[in-house]
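Here is the file final30.cif (mmCIF, C-alpha atoms).
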```cif
data_work
#
loop_
_atom_site.label_atom_id
_atom_site.label_comp_id
_atom_site.auth_asym_id
_atom_site.auth_seq_id
_atom_site.Cartn_x
_atom_site.Cartn_y
_atom_site.Cartn_z
CA MET L 101 -12.21 25.60 -41.89
CA ASN L 102 -13.90 22.18 -41.74
CA THR L 103 -14.95 20.32 -38.57
CA ALA L 104 -11.84 18.11 -38.48
CA SER L 105 -9.56 21.13 -38.75
CA ARG L 106 -11.45 22.99 -36.02
CA THR L 107 -11.30 19.96 -33.72
CA GLY L 108 -7.56 19.60 -34.31
CA ALA L 109 -6.99 23.30 -33.68
CA LEU L 110 -9.00 23.21 -30.45
CA THR L 111 -7.10 20.15 -29.24
CA ALA L 112 -3.77 21.83 -29.96
CA LEU L 113 -4.92 25.02 -28.21
CA SER L 114 -6.11 23.04 -25.15
CA LEU L 115 -2.79 21.19 -24.98
CA SER L 116 -0.84 24.44 -25.25
CA LEU L 117 -2.87 26.03 -22.45
CA ALA L 118 -2.43 22.97 -20.22
CA ILE L 119 1.34 22.99 -20.73
CA ALA L 120 1.61 26.75 -20.20
CA SER L 121 -0.42 26.72 -16.99
CA GLY L 122 1.83 24.11 -15.35
CA PRO L 123 0.74 21.47 -12.85
CA SER L 124 -2.70 21.82 -11.36
CA GLN L 125 -2.86 23.26 -7.87
CA ALA L 126 -6.46 22.08 -7.40
CA GLN L 127 -5.53 18.77 -5.76
CA PRO L 128 -4.27 19.12 -2.18
CA GLN L 129 -1.18 17.09 -1.34
CA ARG L 130 -1.81 14.14 0.96
CA PRO L 131 0.29 14.16 4.12
CA ARG L 132 2.93 11.48 4.22
CA LEU L 133 2.63 8.76 6.82
CA LEU L 134 5.25 9.72 9.35
CA GLU L 135 5.05 6.52 11.37
CA ASP L 136 6.20 3.12 10.20
CA PRO L 137 3.06 1.02 9.54
CA ASN L 138 4.97 -2.08 10.75
CA ARG L 139 6.24 -0.51 13.99
CA PHE L 140 4.18 -2.91 16.12
CA VAL L 141 4.78 -6.07 14.05
CA GLY L 142 6.21 -8.92 16.09
CA MET L 143 5.46 -11.05 19.12
CA TRP L 144 3.76 -9.53 22.18
CA VAL L 145 3.57 -11.64 25.35
CA THR L 146 2.17 -11.39 28.85
CA GLN L 147 4.74 -11.34 31.63
CA ASP L 148 4.06 -15.02 32.41
CA GLY L 149 4.25 -15.95 28.71
CA HIS L 150 0.78 -17.53 28.75
CA ILE L 151 -0.76 -15.20 26.12
CA ARG L 152 1.19 -14.53 22.93
CA HIS L 153 -0.02 -12.20 20.15
CA GLU L 154 1.96 -12.32 16.95
CA LEU L 155 1.17 -9.26 14.85
CA LEU L 156 2.07 -10.07 11.26
CA PRO L 157 3.10 -7.49 8.64
CA ASN L 158 0.11 -8.40 6.43
CA GLY L 159 -2.42 -7.09 8.99
CA ARG L 160 -3.20 -10.51 10.46
CA TYR L 161 -2.57 -11.78 13.97
CA ASP L 162 -2.17 -15.18 15.56
CA GLU L 163 -2.81 -15.55 19.29
CA ALA L 164 -1.59 -18.50 21.33
CA ARG L 165 -2.81 -19.28 24.85
CA GLY L 166 -0.73 -21.61 26.96
CA THR L 167 -0.08 -24.77 24.95
CA ARG L 168 -2.92 -23.97 22.54
CA LEU L 169 -1.24 -22.60 19.42
CA SER L 170 -3.35 -20.43 17.11
CA ALA L 171 -6.15 -20.22 19.68
CA TYR L 172 -7.41 -17.09 17.91
CA GLN L 173 -6.60 -15.70 14.50
CA GLY L 174 -7.86 -12.70 12.62
CA ARG L 175 -6.98 -9.29 11.35
CA TYR L 176 -5.97 -6.07 13.05
CA MET L 177 -6.09 -2.41 12.12
CA LEU L 178 -3.94 0.36 13.55
CA SER L 179 -4.86 3.99 14.05
CA GLY L 180 -2.01 5.81 15.74
CA ASN L 181 -1.34 3.85 18.94
CA HIS L 182 -4.78 2.21 18.94
CA ILE L 183 -5.29 -1.36 17.67
CA ASP L 184 -8.59 -2.97 16.70
CA TYR L 185 -8.82 -6.75 16.41
CA VAL L 186 -11.44 -8.74 14.49
CA ASP L 187 -10.99 -12.48 14.84
CA ASP L 188 -12.06 -14.89 12.11
CA THR L 189 -15.33 -15.65 13.94
CA GLY L 190 -16.26 -11.93 14.01
CA PHE L 191 -15.39 -11.24 17.66
CA THR L 192 -13.89 -7.77 18.16
CA ALA L 193 -11.51 -6.32 20.72
CA ASP L 194 -9.15 -3.40 20.94
CA GLY L 195 -6.07 -2.18 22.72
CA GLU L 196 -3.56 0.60 23.01
CA PHE L 197 0.21 0.82 22.78
CA ARG L 198 1.74 3.06 25.44
CA ASP L 199 5.46 3.42 26.11
CA GLY L 200 6.28 0.18 24.29
CA VAL L 201 3.61 -1.85 26.10
CA LEU L 202 0.36 -3.25 24.65
CA TYR L 203 -2.70 -2.90 26.89
CA HIS L 204 -5.40 -5.21 25.57
CA ALA L 205 -8.60 -6.56 27.21
CA GLY L 206 -7.24 -6.22 30.74
CA MET L 207 -3.92 -7.79 29.78
CA VAL L 208 -0.50 -6.21 29.60
CA LEU L 209 1.72 -7.52 26.82
CA TYR L 210 5.38 -6.76 26.21
CA ARG L 211 7.28 -6.95 22.96
CA GLU L 212 9.32 -10.14 22.86
CA SER L 213 12.90 -9.44 21.88
CA THR L 214 14.24 -11.36 18.90
CA THR L 215 17.05 -12.76 21.07
CA GLN L 216 14.52 -14.69 23.21
CA ARG L 217 13.01 -16.52 20.25
#
```

Show me this structure written as structure tokens.
Amino acid sequence: MNTASRTGALTALSLSLAIASGPSQAQPQRPRLLEDPNRFVGMWVTQDGHIRHELLPNGRYDEARGTRLSAYQGRYMLSGNHIDYVDDTGFTADGEFRDGVLYHAGMVLYRESTTQR
């Protein structure tokens, strides 16, 4: 048997063994994300309406303060009910969602209903 024939036979044997053994069990299955990654997307406002955080579905946020639109902009990351903010200047802050309320930097923000907008 020449080298080409041996290589072909080994390849066929390897393929047969791979098919016979079935799918590999070596790779653990990743858990599925049970929570909706966009569950907090939308407008969050203080009770007096002065501070408004719009959490966008692309991981960005836009914060308005009083009449100053887009006072701060940046990105946010979620981990469970925790939110980390990094504004475009590099400033960081964080917060936590509890019972449908966002607690952030001493402020309490409520989800704005779509009927108010």

Non-local contacts of segment 179-191 of chain L (12 Å; only C-alpha atoms; under 6 positions in same chain excluded) as a PDB file with C-alpha atoms, in the coordinates of the input:
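File around_31.pdb, as written:
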```
ATOM      1  CA  LEU L 133       2.630   8.760   6.820  1.00  0.00           C
ATOM      2  CA  LEU L 134       5.250   9.720   9.350  1.00  0.00           C
ATOM      3  CA  GLU L 135       5.050   6.520  11.370  1.00  0.00           C
ATOM      4  CA  ASP L 136       6.200   3.120  10.200  1.00  0.00           C
ATOM      5  CA  PRO L 137       3.060   1.020   9.540  1.00  0.00           C
ATOM      6  CA  ASN L 138       4.970  -2.080  10.750  1.00  0.00           C
ATOM      7  CA  ARG L 139       6.240  -0.510  13.990  1.00  0.00           C
ATOM      8  CA  PHE L 140       4.180  -2.910  16.120  1.00  0.00           C
ATOM      9  CA  VAL L 141       4.780  -6.070  14.050  1.00  0.00           C
ATOM     10  CA  HIS L 153      -0.020 -12.200  20.150  1.00  0.00           C
ATOM     11  CA  LEU L 155       1.170  -9.260  14.850  1.00  0.00           C
ATOM     12  CA  GLY L 159      -2.420  -7.090   8.990  1.00  0.00           C
ATOM     13  CA  ARG L 160      -3.200 -10.510  10.460  1.00  0.00           C
ATOM     14  CA  TYR L 161      -2.570 -11.780  13.970  1.00  0.00           C
ATOM     15  CA  ASP L 162      -2.170 -15.180  15.560  1.00  0.00           C
ATOM     16  CA  GLU L 163      -2.810 -15.550  19.290  1.00  0.00           C
ATOM     17  CA  SER L 170      -3.350 -20.430  17.110  1.00  0.00           C
ATOM     18  CA  ALA L 171      -6.150 -20.220  19.680  1.00  0.00           C
ATOM     19  CA  TYR L 172      -7.410 -17.090  17.910  1.00  0.00           C
ATOM     20  CA  GLN L 173      -6.600 -15.700  14.500  1.00  0.00           C
ATOM     21  CA  PHE L 197       0.210   0.820  22.780  1.00  0.00           C
ATOM     22  CA  ARG L 198       1.740   3.060  25.440  1.00  0.00           C
ATOM     23  CA  ASP L 199       5.460   3.420  26.110  1.00  0.00           C
ATOM     24  CA  GLY L 200       6.280   0.180  24.290  1.00  0.00           C
ATOM     25  CA  VAL L 201       3.610  -1.850  26.100  1.00  0.00           C
ATOM     26  CA  LEU L 202       0.360  -3.250  24.650  1.00  0.00           C
ATOM     27  CA  TYR L 203      -2.700  -2.900  26.890  1.00  0.00           C
ATOM     28  CA  HIS L 204      -5.400  -5.210  25.570  1.00  0.00           C
ATOM     29  CA  ALA L 205      -8.600  -6.560  27.210  1.00  0.00           C
TER      30      ALA L 205
END
```

Any chance you could resolve the PyMOL selection byres ((chain L and resi 148) around 12) against this file and give the residues as a list in words?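 Going through the file, the PyMOL selection byres ((chain L and resi 148) around 12) ends up selecting Trp144, Val145, Thr146, Gln147, Gly149, His150, Ile151, Arg152, Arg165, Gly166, Met207, Val208, Leu209, Tyr210 and Glu212 of chain L.
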
At what distance in Å, to one decimal, does atom CA of Thr192 of chain L lie from atom CA of Ser213 of chain L?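 Atom-to-atom, atom CA of Ser213 of chain L and atom CA of Thr192 of chain L are spaced 27.1 Å apart.
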
Option closest in space to Glu154 of chain L, from L:Gly195, L:Gly142, L:Gly206, L:Gly174 [counting all atoms listed in the file]: L:Gly142

Box for segment 171-175 of chain L - axis-aligned, 8 Å on each of the six sides, all listed atoms - centre and size in Å to one decimal, as AutoDock Vina command-line options.
```
--center_x -7.0 --center_y -14.8 --center_z 15.5 --size_x 17.7 --size_y 26.9 --size_z 24.3
```

Output segment 132-160 of chain L as an mmCIF file, in the coordinates of the input, making sure N, CA and C atoms are there.
```cif
data_model
loop_
_atom_site.group_PDB
_atom_site.id
_atom_site.type_symbol
_atom_site.label_atom_id
_atom_site.label_comp_id
_atom_site.auth_asym_id
_atom_site.auth_seq_id
_atom_site.Cartn_x
_atom_site.Cartn_y
_atom_site.Cartn_z
ATOM 1 N N ARG L 132 2.217 12.768 4.197
ATOM 2 C CA ARG L 132 2.930 11.480 4.220
ATOM 3 C C ARG L 132 2.755 10.827 5.570
ATOM 4 N N LEU L 133 2.711 9.511 5.564
ATOM 5 C CA LEU L 133 2.630 8.760 6.820
ATOM 6 C C LEU L 133 3.981 8.861 7.507
ATOM 7 N N LEU L 134 3.994 9.497 8.652
ATOM 8 C CA LEU L 134 5.250 9.720 9.350
ATOM 9 C C LEU L 134 5.674 8.518 10.182
ATOM 10 N N GLU L 135 4.729 7.665 10.529
ATOM 11 C CA GLU L 135 5.050 6.520 11.370
ATOM 12 C C GLU L 135 5.158 5.270 10.507
ATOM 13 N N ASP L 136 6.020 4.393 10.896
ATOM 14 C CA ASP L 136 6.200 3.120 10.200
ATOM 15 C C ASP L 136 4.963 2.256 10.427
ATOM 16 N N PRO L 137 4.266 1.837 9.355
ATOM 17 C CA PRO L 137 3.060 1.020 9.540
ATOM 18 C C PRO L 137 3.352 -0.341 10.173
ATOM 19 N N ASN L 138 4.604 -0.777 10.154
ATOM 20 C CA ASN L 138 4.970 -2.080 10.750
ATOM 21 C C ASN L 138 5.648 -1.923 12.104
ATOM 22 N N ARG L 139 5.517 -0.766 12.737
ATOM 23 C CA ARG L 139 6.240 -0.510 13.990
ATOM 24 C C ARG L 139 5.823 -1.442 15.121
ATOM 25 N N PHE L 140 4.642 -2.035 15.045
ATOM 26 C CA PHE L 140 4.180 -2.910 16.120
ATOM 27 C C PHE L 140 4.206 -4.391 15.718
ATOM 28 N N VAL L 141 4.699 -4.678 14.522
ATOM 29 C CA VAL L 141 4.780 -6.070 14.050
ATOM 30 C C VAL L 141 5.734 -6.838 14.951
ATOM 31 N N GLY L 142 5.350 -8.062 15.270
ATOM 32 C CA GLY L 142 6.210 -8.920 16.090
ATOM 33 C C GLY L 142 5.395 -9.637 17.146
ATOM 34 N N MET L 143 6.093 -10.261 18.065
ATOM 35 C CA MET L 143 5.460 -11.050 19.120
ATOM 36 C C MET L 143 5.295 -10.211 20.379
ATOM 37 N N TRP L 144 4.088 -10.231 20.935
ATOM 38 C CA TRP L 144 3.760 -9.530 22.180
ATOM 39 C C TRP L 144 3.282 -10.590 23.173
ATOM 40 N N VAL L 145 3.854 -10.584 24.375
ATOM 41 C CA VAL L 145 3.570 -11.640 25.350
ATOM 42 C C VAL L 145 3.247 -11.052 26.728
ATOM 43 N N THR L 146 2.400 -11.775 27.467
ATOM 44 C CA THR L 146 2.170 -11.390 28.850
ATOM 45 C C THR L 146 3.417 -11.727 29.653
ATOM 46 N N GLN L 147 3.536 -11.149 30.818
ATOM 47 C CA GLN L 147 4.740 -11.340 31.630
ATOM 48 C C GLN L 147 4.987 -12.823 31.931
ATOM 49 N N ASP L 148 3.900 -13.591 32.122
ATOM 50 C CA ASP L 148 4.060 -15.020 32.410
ATOM 51 C C ASP L 148 4.200 -15.871 31.147
ATOM 52 N N GLY L 149 4.091 -15.235 29.971
ATOM 53 C CA GLY L 149 4.250 -15.950 28.710
ATOM 54 C C GLY L 149 3.047 -16.770 28.281
ATOM 55 N N HIS L 150 1.962 -16.723 29.048
ATOM 56 C CA HIS L 150 0.780 -17.530 28.750
ATOM 57 C C HIS L 150 0.061 -17.068 27.480
ATOM 58 N N ILE L 151 -0.080 -15.755 27.297
ATOM 59 C CA ILE L 151 -0.760 -15.200 26.120
ATOM 60 C C ILE L 151 0.303 -14.627 25.194
ATOM 61 N N ARG L 152 0.224 -15.001 23.923
ATOM 62 C CA ARG L 152 1.190 -14.530 22.930
ATOM 63 C C ARG L 152 0.441 -14.059 21.686
ATOM 64 N N HIS L 153 0.577 -12.774 21.362
ATOM 65 C CA HIS L 153 -0.020 -12.200 20.150
ATOM 66 C C HIS L 153 1.095 -11.981 19.151
ATOM 67 N N GLU L 154 1.007 -12.624 18.017
ATOM 68 C CA GLU L 154 1.960 -12.320 16.950
ATOM 69 C C GLU L 154 1.248 -11.435 15.943
ATOM 70 N N LEU L 155 1.708 -10.191 15.829
ATOM 71 C CA LEU L 155 1.170 -9.260 14.850
ATOM 72 C C LEU L 155 2.014 -9.388 13.589
ATOM 73 N N LEU L 156 1.371 -9.800 12.514
ATOM 74 C CA LEU L 156 2.070 -10.070 11.260
ATOM 75 C C LEU L 156 2.048 -8.833 10.364
ATOM 76 N N PRO L 157 3.027 -8.682 9.477
ATOM 77 C CA PRO L 157 3.100 -7.490 8.640
ATOM 78 C C PRO L 157 1.954 -7.361 7.620
ATOM 79 N N ASN L 158 1.208 -8.438 7.399
ATOM 80 C CA ASN L 158 0.110 -8.400 6.430
ATOM 81 C C ASN L 158 -1.228 -7.989 7.061
ATOM 82 N N GLY L 159 -1.194 -7.525 8.325
ATOM 83 C CA GLY L 159 -2.420 -7.090 8.990
ATOM 84 C C GLY L 159 -3.184 -8.219 9.672
ATOM 85 N N ARG L 160 -2.581 -9.373 9.775
ATOM 86 C CA ARG L 160 -3.200 -10.510 10.460
ATOM 87 C C ARG L 160 -2.500 -10.715 11.805
#
```
